[in-house]
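To be precise, the following lines are data_33.txt, and they hold compact mmCIF, C-alpha atoms.
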# COMPACT_ATOMS: atom_id res chain seq x y z
CA MET J 594 -37.56 -5.45 83.34
CA SER J 595 -40.42 -3.69 81.55
CA GLU J 596 -43.34 -2.16 83.41
CA LEU J 597 -45.58 -4.92 82.05
CA GLU J 598 -43.21 -7.54 83.46
CA LYS J 599 -43.14 -5.74 86.82
CA GLN J 600 -46.93 -5.61 86.91
CA TYR J 601 -47.17 -9.32 86.03
CA ALA J 602 -44.70 -10.15 88.83
CA MET J 603 -46.77 -8.09 91.29
CA ILE J 604 -49.93 -9.93 90.26
CA GLN J 605 -48.18 -13.29 90.70
CA ASP J 606 -46.97 -12.18 94.12
CA ARG J 607 -50.49 -11.15 95.18
CA LYS J 608 -51.78 -14.57 94.16
CA GLN J 609 -49.07 -16.32 96.21
CA ASN J 610 -49.05 -13.81 99.08
CA PRO J 611 -52.54 -12.33 99.43
CA GLU J 612 -52.81 -8.83 100.88
CA GLN J 613 -55.88 -7.58 102.72
CA GLY J 614 -57.66 -4.85 100.76
CA SER J 615 -55.91 -5.71 97.48
CA TYR J 616 -58.08 -5.35 94.37
CA THR J 617 -55.97 -8.05 92.71
CA ASN J 618 -56.76 -10.44 95.54
CA TYR J 619 -60.42 -9.48 95.34
CA LEU J 620 -60.42 -10.63 91.71
CA PHE J 621 -58.65 -13.91 92.54
CA ASP J 622 -61.03 -14.52 95.45
CA LYS J 623 -64.08 -13.97 93.23
CA GLY J 624 -62.71 -16.40 90.67
CA LEU J 625 -62.46 -16.88 86.95
CA GLU J 626 -65.99 -15.69 86.14
CA LYS J 627 -65.34 -12.27 87.76
CA ILE J 628 -61.95 -11.97 86.05
CA LEU J 629 -63.50 -12.76 82.66
CA LYS J 630 -66.29 -10.24 83.29
CA LYS J 631 -63.70 -7.53 83.97
CA VAL J 632 -61.72 -8.44 80.82
CA GLY J 633 -64.94 -8.10 78.82
CA GLU J 634 -65.86 -4.78 80.45
CA GLU J 635 -62.39 -3.34 79.89
CA SER J 636 -62.37 -4.53 76.25
CA THR J 637 -65.62 -2.67 75.68
CA GLU J 638 -64.23 0.44 77.36
CA VAL J 639 -61.21 0.35 75.02
CA ILE J 640 -63.57 0.24 72.04
CA ILE J 641 -65.66 3.15 73.35
CA ALA J 642 -62.56 5.21 74.16
CA SER J 643 -61.21 4.52 70.67
CA LEU J 644 -64.32 5.96 69.10
CA SER J 645 -65.13 8.94 71.27
CA GLN J 646 -62.46 9.87 73.77
CA SER J 647 -59.02 11.43 73.92
CA LYS J 648 -55.76 9.60 73.42
CA GLU J 649 -55.02 9.92 77.15
CA GLU J 650 -58.33 8.27 78.07
CA LEU J 651 -57.68 5.52 75.51
CA VAL J 652 -54.23 4.88 76.99
CA GLY J 653 -55.83 4.60 80.44
CA GLU J 654 -58.40 2.09 79.21
CA ILE J 655 -55.71 0.06 77.43
CA ASN J 656 -53.77 -0.07 80.70
CA ASP J 657 -56.88 -1.28 82.54
CA LEU J 658 -57.37 -4.02 79.92
CA LEU J 659 -53.71 -5.08 80.08
CA TYR J 660 -53.89 -5.34 83.87
CA HIS J 661 -57.02 -7.50 83.78
CA LEU J 662 -55.53 -9.66 81.02
CA GLN J 663 -52.49 -10.23 83.22
CA VAL J 664 -54.73 -11.22 86.14
CA LEU J 665 -56.37 -13.73 83.78
CA MET J 666 -52.95 -14.97 82.67
CA VAL J 667 -51.83 -15.60 86.25
CA GLU J 668 -55.14 -17.27 87.08
CA LYS J 669 -54.76 -19.61 84.09
CA GLY J 670 -51.00 -20.19 84.45
CA VAL J 671 -50.02 -18.32 81.28
CA THR J 672 -46.62 -16.66 81.60
CA MET J 673 -45.21 -13.60 79.92
CA GLU J 674 -42.70 -15.99 78.32
CA ASP J 675 -45.57 -17.98 76.80
CA VAL J 676 -46.97 -14.81 75.24
CA GLU J 677 -43.53 -13.63 74.06
CA ALA J 678 -42.85 -17.03 72.45
CA GLU J 679 -46.16 -16.87 70.58
CA LEU J 680 -45.44 -13.28 69.45
CA LYS J 681 -42.07 -14.43 68.14
CA ARG J 682 -43.61 -17.40 66.35
CA ARG J 683 -46.24 -15.20 64.71
CA SER J 684 -43.74 -12.52 63.72
CA GLU J 685 -41.87 -15.11 61.67
CA LYS J 686 -44.91 -15.78 59.48
CA THR J 687 -45.21 -13.97 56.18
CA HIS J 688 -47.95 -13.76 53.57
CA ASN J 689 -50.50 -14.62 56.22
CA LEU J 690 -53.49 -12.58 55.04
CA LYS J 691 -56.74 -14.34 55.83
CA ALA J 692 -59.85 -14.07 53.69
CA GLU J 693 -62.62 -11.82 54.98
CA ARG J 694 -65.44 -13.53 56.83
CA LYS J 695 -68.76 -13.93 55.10
CA PRO J 696 -71.37 -11.40 56.24
CA ILE J 697 -73.95 -12.65 58.73
CA GLU J 698 -77.20 -13.19 56.85
CA LYS J 699 -79.49 -14.42 59.61
CA LEU J 700 -79.33 -14.32 63.39

Turn the structure described in the file into structure tokens.
Amino acid sequence: MSELEKQYAMIQDRKQNPEQGSYTNYLFDKGLEKILKKVGEESTEVIIASLSQSKEELVGEINDLLYHLQVLMVEKGVTMEDVEAELKRRSEKTHNLKAERKPIEKL
């Protein structure tokens, strides 16, 4: 079992068996809006770390994002198997280059 799978299993367990003082349970108790806010914050921190921080700090921020994404997955009933199946499906595609988006002209 990979570390990501172990972490996902721990998050599932916290949802089913809440533990006092658990940050994971705090997120579940606060609900989807709080979880989504944390995913957004951590995504931004990954971007900032990518531009101006060390590799070690970037790895830390990526781990924070992965954790919060897994909390979101558990909250929404998305399994690691669901994600793996989609990765497999996408890896079988070839010649899948998409055209660049048009620039934004007016806001």

Legend entry - Among the residues J:Asp675, J:Lys669, J:Ile641, J:Lys631, the one that comes closest to Tyr619 of chain J [using all atoms listed in the file]: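 Counting all atoms listed in the file, the residue closest to Tyr619 of chain J is J:Lys631.
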
Inset, instruction - One decimal, Å: what's the distance from atom CA of Val652 of chain J over to atom CA of Leu680 of chain J, could you say? - result: 21.5 Å

Legend entry - Distance query Gln605 of chain J at most 10 Å, only C-alpha atoms, self and fewer than 2 positions along chain excluded, as a PyMOL selection string: chain J and resi 599-603+607-611+617+663-664+666-668+670+672

Inset, instruction - Measure the distance from atom CA of Glu638 of chain J to atom CA of Ser684 of chain J in Å and round it to one decimal. - result: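 Value for the atom CA of Glu638 of chain J-atom CA of Ser684 of chain J distance: 27.8 Å.
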
Inset, instruction - Work out how far atom CA of His661 of chain J is from atom CA of Gly633 of chain J, in Å to one decimal. - result: 9.4 Å

Inset, instruction - Check the smallest atom-to-atom distance from each of J:Glu635, J:Glu685, J:Glu612, J:Glu596 to Asp657 of chain J using all atoms listed in the file, then report the winner. - result: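 Smallest distance to Asp657 of chain J is found for J:Glu635.
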
Inset, instruction - Determine the nearest neighbour of Phe621 of chain J from the options J:Ala678, J:Ile604, J:Leu690, J:Leu658, counting all atoms listed in the file. - result: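 Between J:Ala678, J:Ile604, J:Leu690, J:Leu658, the residue approaching Phe621 of chain J most closely is J:Ile604.
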
Hey, can I get the axis-aligned box for segment 664-680 of chain J? All listed atoms, 3 Å padding on each side, centre and edge lengths in Å to one decimal, as JSON.
{"center_x": -49.5, "center_y": -15.7, "center_z": 78.3, "size_x": 19.7, "size_y": 15.0, "size_z": 23.6}

Legend entry - Proximity to Ser636 of chain J - best of J:Glu654, J:Glu693, J:Glu598, J:Asp606, all atoms listed in the file: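 Among the listed residues, the smallest separation from Ser636 of chain J belongs to J:Glu654.
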